[in-house]
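Raw work-v1.pdb, PDB, C-alpha atoms, pLDDT in the B column:
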```pdb
ATOM      1  CA  MET A   1      20.530  21.364  18.339  1.00 51.00           C
ATOM      2  CA  ALA A   2      17.349  22.135  20.285  1.00 59.00           C
ATOM      3  CA  ASN A   3      19.028  24.404  22.836  1.00 54.00           C
ATOM      4  CA  GLY A   4      17.401  27.672  21.737  1.00 62.00           C
ATOM      5  CA  ARG A   5      13.952  26.119  21.526  1.00 91.00           C
ATOM      6  CA  ILE A   6      13.950  24.428  24.944  1.00 95.00           C
ATOM      7  CA  THR A   7      11.440  25.776  27.429  1.00 96.00           C
ATOM      8  CA  VAL A   8      11.333  24.712  31.056  1.00 97.00           C
ATOM      9  CA  ARG A   9       8.197  24.767  33.199  1.00 98.00           C
ATOM     10  CA  LYS A  10       6.524  23.131  36.178  1.00 98.00           C
ATOM     11  CA  ALA A  11       4.563  19.980  35.438  1.00 98.00           C
ATOM     12  CA  GLN A  12       0.776  20.093  35.372  1.00 98.00           C
ATOM     13  CA  ALA A  13      -1.777  17.353  35.983  1.00 98.00           C
ATOM     14  CA  SER A  14      -2.490  17.267  32.241  1.00 98.00           C
ATOM     15  CA  ASP A  15       1.166  16.237  31.649  1.00 98.00           C
ATOM     16  CA  VAL A  16       1.018  13.008  33.682  1.00 98.00           C
ATOM     17  CA  ALA A  17       0.345  10.611  30.775  1.00 97.00           C
ATOM     18  CA  VAL A  18       3.208  12.055  28.701  1.00 97.00           C
ATOM     19  CA  LEU A  19       5.565  12.058  31.715  1.00 97.00           C
ATOM     20  CA  LYS A  20       4.854   8.347  32.139  1.00 97.00           C
ATOM     21  CA  GLN A  21       5.802   7.875  28.477  1.00 97.00           C
ATOM     22  CA  VAL A  22       9.080   9.739  29.046  1.00 97.00           C
ATOM     23  CA  LEU A  23       9.963   7.375  31.917  1.00 96.00           C
ATOM     24  CA  GLN A  24       8.954   4.340  29.840  1.00 95.00           C
ATOM     25  CA  ASP A  25      11.125   5.584  26.971  1.00 95.00           C
ATOM     26  CA  THR A  26      14.170   6.045  29.184  1.00 94.00           C
ATOM     27  CA  PHE A  27      13.560   2.713  30.922  1.00 94.00           C
ATOM     28  CA  GLU A  28      13.486   0.888  27.589  1.00 94.00           C
ATOM     29  CA  GLY A  29      16.469   2.719  26.120  1.00 93.00           C
ATOM     30  CA  THR A  30      18.740   3.037  29.143  1.00 92.00           C
ATOM     31  CA  TRP A  31      17.853   0.476  31.786  1.00 91.00           C
ATOM     32  CA  LEU A  32      16.233  -2.489  30.026  1.00 93.00           C
ATOM     33  CA  PRO A  33      19.418  -3.568  28.218  1.00 92.00           C
ATOM     34  CA  HIS A  34      21.195  -3.848  31.592  1.00 92.00           C
ATOM     35  CA  VAL A  35      18.706  -5.080  34.202  1.00 91.00           C
ATOM     36  CA  THR A  36      17.939  -8.716  34.870  1.00 90.00           C
ATOM     37  CA  GLN A  37      14.800 -10.202  33.358  1.00 92.00           C
ATOM     38  CA  ALA A  38      13.328 -10.462  36.857  1.00 91.00           C
ATOM     39  CA  SER A  39      13.983  -6.758  37.541  1.00 90.00           C
ATOM     40  CA  ALA A  40      12.501  -5.762  34.170  1.00 92.00           C
ATOM     41  CA  ARG A  41       9.403  -7.877  34.828  1.00 94.00           C
ATOM     42  CA  ARG A  42       8.999  -6.336  38.302  1.00 92.00           C
ATOM     43  CA  TYR A  43       9.347  -2.823  36.846  1.00 93.00           C
ATOM     44  CA  VAL A  44       6.616  -3.495  34.282  1.00 93.00           C
ATOM     45  CA  GLU A  45       4.249  -5.558  36.442  1.00 96.00           C
ATOM     46  CA  THR A  46       4.296  -3.153  39.387  1.00 95.00           C
ATOM     47  CA  ASP A  47       4.384  -0.042  37.162  1.00 96.00           C
ATOM     48  CA  ILE A  48       7.277   1.485  39.101  1.00 94.00           C
ATOM     49  CA  GLY A  49       7.711   4.388  36.666  1.00 95.00           C
ATOM     50  CA  GLY A  50       4.009   5.146  36.433  1.00 96.00           C
ATOM     51  CA  ARG A  51       3.548   5.097  40.191  1.00 97.00           C
ATOM     52  CA  TYR A  52       6.602   7.362  40.611  1.00 97.00           C
ATOM     53  CA  VAL A  53       5.061   9.903  38.228  1.00 98.00           C
ATOM     54  CA  GLU A  54       1.644   9.728  39.910  1.00 97.00           C
ATOM     55  CA  ARG A  55       3.160  10.309  43.367  1.00 97.00           C
ATOM     56  CA  ASN A  56       5.629  13.030  42.462  1.00 98.00           C
ATOM     57  CA  TRP A  57       4.517  14.897  39.333  1.00 98.00           C
ATOM     58  CA  PRO A  58       3.667  18.121  41.260  1.00 98.00           C
ATOM     59  CA  GLU A  59       7.399  18.372  42.106  1.00 98.00           C
ATOM     60  CA  PHE A  60       8.569  17.810  38.506  1.00 98.00           C
ATOM     61  CA  THR A  61       9.981  20.405  36.182  1.00 98.00           C
ATOM     62  CA  LEU A  62       9.829  19.484  32.539  1.00 98.00           C
ATOM     63  CA  ALA A  63      11.445  20.514  29.299  1.00 98.00           C
ATOM     64  CA  GLU A  64       9.604  21.108  26.053  1.00 97.00           C
ATOM     65  CA  VAL A  65      10.945  21.466  22.542  1.00 95.00           C
ATOM     66  CA  ASP A  66       8.462  22.993  20.106  1.00 92.00           C
ATOM     67  CA  GLY A  67       5.636  22.163  22.528  1.00 92.00           C
ATOM     68  CA  GLU A  68       6.638  18.499  22.938  1.00 95.00           C
ATOM     69  CA  ILE A  69       7.577  17.263  26.413  1.00 97.00           C
ATOM     70  CA  THR A  70      11.109  15.928  25.987  1.00 97.00           C
ATOM     71  CA  GLY A  71      12.398  15.507  29.541  1.00 97.00           C
ATOM     72  CA  LEU A  72      11.847  15.940  33.237  1.00 98.00           C
ATOM     73  CA  ILE A  73      13.797  16.608  36.393  1.00 98.00           C
ATOM     74  CA  HIS A  74      12.825  16.051  40.020  1.00 98.00           C
ATOM     75  CA  TRP A  75      14.737  17.219  43.075  1.00 98.00           C
ATOM     76  CA  ARG A  76      14.303  17.430  46.822  1.00 97.00           C
ATOM     77  CA  GLY A  77      16.571  19.631  48.887  1.00 98.00           C
ATOM     78  CA  ASP A  78      20.014  19.398  47.306  1.00 98.00           C
ATOM     79  CA  PHE A  79      19.443  15.953  45.766  1.00 98.00           C
ATOM     80  CA  ILE A  80      18.294  15.402  42.191  1.00 98.00           C
ATOM     81  CA  GLU A  81      16.044  12.346  42.357  1.00 97.00           C
ATOM     82  CA  ALA A  82      15.568  11.884  38.613  1.00 97.00           C
ATOM     83  CA  VAL A  83      16.593  13.268  35.242  1.00 97.00           C
ATOM     84  CA  HIS A  84      15.002  11.708  32.170  1.00 96.00           C
ATOM     85  CA  VAL A  85      15.325  12.819  28.548  1.00 96.00           C
ATOM     86  CA  ARG A  86      13.609  11.055  25.663  1.00 95.00           C
ATOM     87  CA  ALA A  87      16.094   9.171  23.484  1.00 92.00           C
ATOM     88  CA  SER A  88      15.017  11.261  20.486  1.00 92.00           C
ATOM     89  CA  HIS A  89      16.229  14.428  22.254  1.00 94.00           C
ATOM     90  CA  GLN A  90      19.369  13.223  24.001  1.00 91.00           C
ATOM     91  CA  GLY A  91      22.489  15.117  23.005  1.00 90.00           C
ATOM     92  CA  GLN A  92      20.479  18.262  22.175  1.00 92.00           C
ATOM     93  CA  GLY A  93      20.932  20.199  25.414  1.00 93.00           C
ATOM     94  CA  VAL A  94      17.683  19.162  27.115  1.00 95.00           C
ATOM     95  CA  GLY A  95      19.382  17.432  30.058  1.00 94.00           C
ATOM     96  CA  GLY A  96      21.850  20.272  30.509  1.00 93.00           C
ATOM     97  CA  ARG A  97      19.036  22.828  30.513  1.00 95.00           C
ATOM     98  CA  LEU A  98      17.095  20.833  33.117  1.00 97.00           C
ATOM     99  CA  LEU A  99      20.198  20.427  35.285  1.00 97.00           C
ATOM    100  CA  SER A 100      20.987  24.134  35.062  1.00 96.00           C
ATOM    101  CA  HIS A 101      17.423  25.030  36.056  1.00 97.00           C
ATOM    102  CA  ALA A 102      17.503  22.672  39.047  1.00 98.00           C
ATOM    103  CA  GLU A 103      20.937  23.895  40.130  1.00 98.00           C
ATOM    104  CA  GLN A 104      19.728  27.500  40.123  1.00 97.00           C
ATOM    105  CA  ALA A 105      16.667  26.601  42.189  1.00 97.00           C
ATOM    106  CA  ILE A 106      18.731  24.519  44.627  1.00 98.00           C
ATOM    107  CA  ALA A 107      21.239  27.357  45.038  1.00 97.00           C
ATOM    108  CA  ALA A 108      18.409  29.874  45.526  1.00 96.00           C
ATOM    109  CA  ALA A 109      17.082  27.617  48.310  1.00 97.00           C
ATOM    110  CA  GLY A 110      20.410  28.124  50.098  1.00 96.00           C
ATOM    111  CA  PHE A 111      22.242  24.905  49.317  1.00 97.00           C
ATOM    112  CA  GLY A 112      25.945  25.039  48.474  1.00 97.00           C
ATOM    113  CA  GLN A 113      25.979  21.797  46.536  1.00 97.00           C
ATOM    114  CA  VAL A 114      23.823  19.567  44.387  1.00 98.00           C
ATOM    115  CA  ARG A 115      24.026  15.771  44.393  1.00 98.00           C
ATOM    116  CA  LEU A 116      22.730  13.051  42.084  1.00 98.00           C
ATOM    117  CA  GLU A 117      23.291   9.386  41.300  1.00 97.00           C
ATOM    118  CA  THR A 118      23.583   7.143  38.291  1.00 95.00           C
ATOM    119  CA  ASP A 119      24.861   3.626  37.764  1.00 94.00           C
ATOM    120  CA  THR A 120      28.244   2.655  36.356  1.00 93.00           C
ATOM    121  CA  PHE A 121      26.772   1.206  33.151  1.00 92.00           C
ATOM    122  CA  ASN A 122      25.195   4.589  32.317  1.00 93.00           C
ATOM    123  CA  GLU A 123      28.365   6.114  30.909  1.00 93.00           C
ATOM    124  CA  ARG A 124      26.456   8.620  28.789  1.00 91.00           C
ATOM    125  CA  ALA A 125      24.898  10.199  31.903  1.00 94.00           C
ATOM    126  CA  GLN A 126      28.242  10.146  33.704  1.00 95.00           C
ATOM    127  CA  ASN A 127      29.858  11.998  30.799  1.00 94.00           C
ATOM    128  CA  VAL A 128      27.114  14.633  30.803  1.00 93.00           C
ATOM    129  CA  TYR A 129      27.441  15.186  34.557  1.00 96.00           C
ATOM    130  CA  LYS A 130      31.220  15.505  34.363  1.00 95.00           C
ATOM    131  CA  ALA A 131      30.969  17.898  31.406  1.00 93.00           C
ATOM    132  CA  VAL A 132      28.778  20.292  33.422  1.00 94.00           C
ATOM    133  CA  GLY A 133      30.979  20.253  36.517  1.00 95.00           C
ATOM    134  CA  TYR A 134      29.941  17.277  38.630  1.00 97.00           C
ATOM    135  CA  ALA A 135      32.613  15.219  40.367  1.00 97.00           C
ATOM    136  CA  GLU A 136      32.358  11.601  41.423  1.00 97.00           C
ATOM    137  CA  LYS A 137      32.239  11.334  45.221  1.00 97.00           C
ATOM    138  CA  HIS A 138      31.404   7.734  46.064  1.00 97.00           C
ATOM    139  CA  ARG A 139      30.425   4.297  44.699  1.00 97.00           C
ATOM    140  CA  TYR A 140      28.197   1.753  46.426  1.00 95.00           C
ATOM    141  CA  PRO A 141      25.966  -1.206  45.601  1.00 94.00           C
ATOM    142  CA  ASP A 142      22.639  -0.354  43.967  1.00 90.00           C
ATOM    143  CA  ASP A 143      20.004  -2.301  45.873  1.00 83.00           C
ATOM    144  CA  GLU A 144      17.062  -0.819  43.968  1.00 81.00           C
ATOM    145  CA  TRP A 145      17.393  -2.925  40.801  1.00 80.00           C
ATOM    146  CA  ASP A 146      18.700  -6.174  42.285  1.00 76.00           C
ATOM    147  CA  SER A 147      20.893  -6.486  39.190  1.00 79.00           C
ATOM    148  CA  GLY A 148      24.365  -6.221  40.705  1.00 84.00           C
ATOM    149  CA  PHE A 149      24.808  -2.579  39.692  1.00 91.00           C
ATOM    150  CA  THR A 150      27.116  -0.097  41.313  1.00 95.00           C
ATOM    151  CA  THR A 151      25.737   3.374  41.969  1.00 95.00           C
ATOM    152  CA  VAL A 152      27.920   6.428  41.425  1.00 97.00           C
ATOM    153  CA  LEU A 153      27.248   9.505  43.566  1.00 98.00           C
ATOM    154  CA  PHE A 154      28.120  12.825  41.919  1.00 98.00           C
ATOM    155  CA  GLU A 155      28.343  16.230  43.544  1.00 98.00           C
ATOM    156  CA  LYS A 156      28.677  19.747  42.211  1.00 98.00           C
ATOM    157  CA  ARG A 157      29.572  22.764  44.309  1.00 97.00           C
ATOM    158  CA  LEU A 158      27.298  25.699  43.613  1.00 96.00           C
ATOM    159  CA  GLY A 159      28.352  29.332  43.403  1.00 81.00           C
ATOM    160  CA  THR A 160      27.200  31.780  46.009  1.00 54.00           C
ATOM    161  CA  ILE A 161      23.919  33.553  45.462  1.00 48.00           C
ATOM    162  CA  PRO A 162      23.995  37.349  45.848  1.00 49.00           C
ATOM    163  CA  GLY A 163      22.531  38.274  49.229  1.00 48.00           C
ATOM    164  CA  LYS A 164      23.105  34.780  50.675  1.00 48.00           C
ATOM    165  CA  VAL A 165      26.059  33.730  52.735  1.00 42.00           C
TER     166      VAL A 165
END
```
This structure in structure tokens:
Amino acid sequence: MANGRITVRKAQASDVAVLKQVLQDTFEGTWLPHVTQASARRYVETDIGGRYVERNWPEFTLAEVDGEITGLIHWRGDFIEAVHVRASHQGQGVGGRLLSHAEQAIAAAGFGQVRLETDTFNERAQNVYKAVGYAEKHRYPDDEWDSGFTTVLFEKRLGTIPGKV
């Protein structure tokens, strides 16, 4: 278990290449087995993951285990846009640590809830979210992948922050 060795920090420009690798790793391990060939080709040819990192890395928080970048989280307002953990570090507390960090920051910003999405095929992520207190709120078609997926919206109520009402 990596839990005691996990450090969380803001991303830096020097992390961009490794963050792209993290997204590629999670695409290959989580999404590729489920998306259509056309969606996979579009992802690769248009470098969706790489462009996402290039546009948003200053907003990323990342996790390191023994100095190795093992995951990232990105949120805006009360919505977690992305959580990615390298396959080699899944099940070791990295995702939970990133979620906890984001939840604390979201609560400190005055939000009473945090929301995130995953797709129905990603049962591992759903189980993690439920285990740390998220509840399913809604299901709707996922238009992003054009693969017939159903998106699951999760929500978690946040505790009150001392000094905030």
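Evaluating the PyMOL selection byres ((chain A and resi 63-78) around 6) against the shown model yields Arg5, Ile6, Thr7, Val8, Phe60, Thr61, Leu62, Phe79, Ile80, Glu81, Ala82, Val83, His84, Val85, Arg86, Ile106 and Val114 of chain A.
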Residues picked by the PyMOL selection byres ((chain A and resi 44-55) around 8) here, as JSON, numbers by chain?
-> {"A": [16, 19, 20, 23, 24, 40, 41, 42, 43, 56, 57]}
Writing out the chosen residues with C-alpha atoms as a short mmCIF file (atom, residue, chain, number, x, y, z; two decimals), in the frame of the given file:
```
data_model
loop_
_atom_site.label_atom_id
_atom_site.label_comp_id
_atom_site.auth_asym_id
_atom_site.auth_seq_id
_atom_site.Cartn_x
_atom_site.Cartn_y
_atom_site.Cartn_z
CA VAL A 16 1.02 13.01 33.68
CA LEU A 19 5.56 12.06 31.72
CA LYS A 20 4.85 8.35 32.14
CA LEU A 23 9.96 7.38 31.92
CA GLN A 24 8.95 4.34 29.84
CA ALA A 40 12.50 -5.76 34.17
CA ARG A 41 9.40 -7.88 34.83
CA ARG A 42 9.00 -6.34 38.30
CA TYR A 43 9.35 -2.82 36.85
CA ASN A 56 5.63 13.03 42.46
CA TRP A 57 4.52 14.90 39.33
#
```
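Take atom CA of Thr151 of chain A and atom CA of Arg139 of chain A: the distance between them is 5.5 Å.
The space separating atom CA of Gln92 of chain A from atom CA of Val128 of chain A comes to 11.5 Å.
Note that atom CA of Pro33 of chain A and atom CA of Ala17 of chain A are 23.9 Å apart.
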Which one is closest to Ser100 of chain A: A:Lys137, A:Lys156, A:Arg124, A:His34? Count only C-alpha atoms.
-> A:Lys156
Kindly extract all protein, DNA and RNA residues lying within 10 Å of the coordinates (30.0, 3.4, 36.7) given in the file, considering only C-alpha atoms, and supply them as a PyMOL selection string.
-> chain A and resi 118-123+125-126+136+139+149-153
Which residues fall under the PyMOL selection byres ((chain A and resi 133) around 12) in this file, as number ranges by chain?
-> A: 96, 99-100, 103, 113-115, 126-132, 134-136, 154-159
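Each of A:Ser14, A:His101, A:Glu117, A:Gly112 was checked against Pro141 of chain A using only C-alpha atoms; the smallest atom-to-atom distance is that of A:Glu117.
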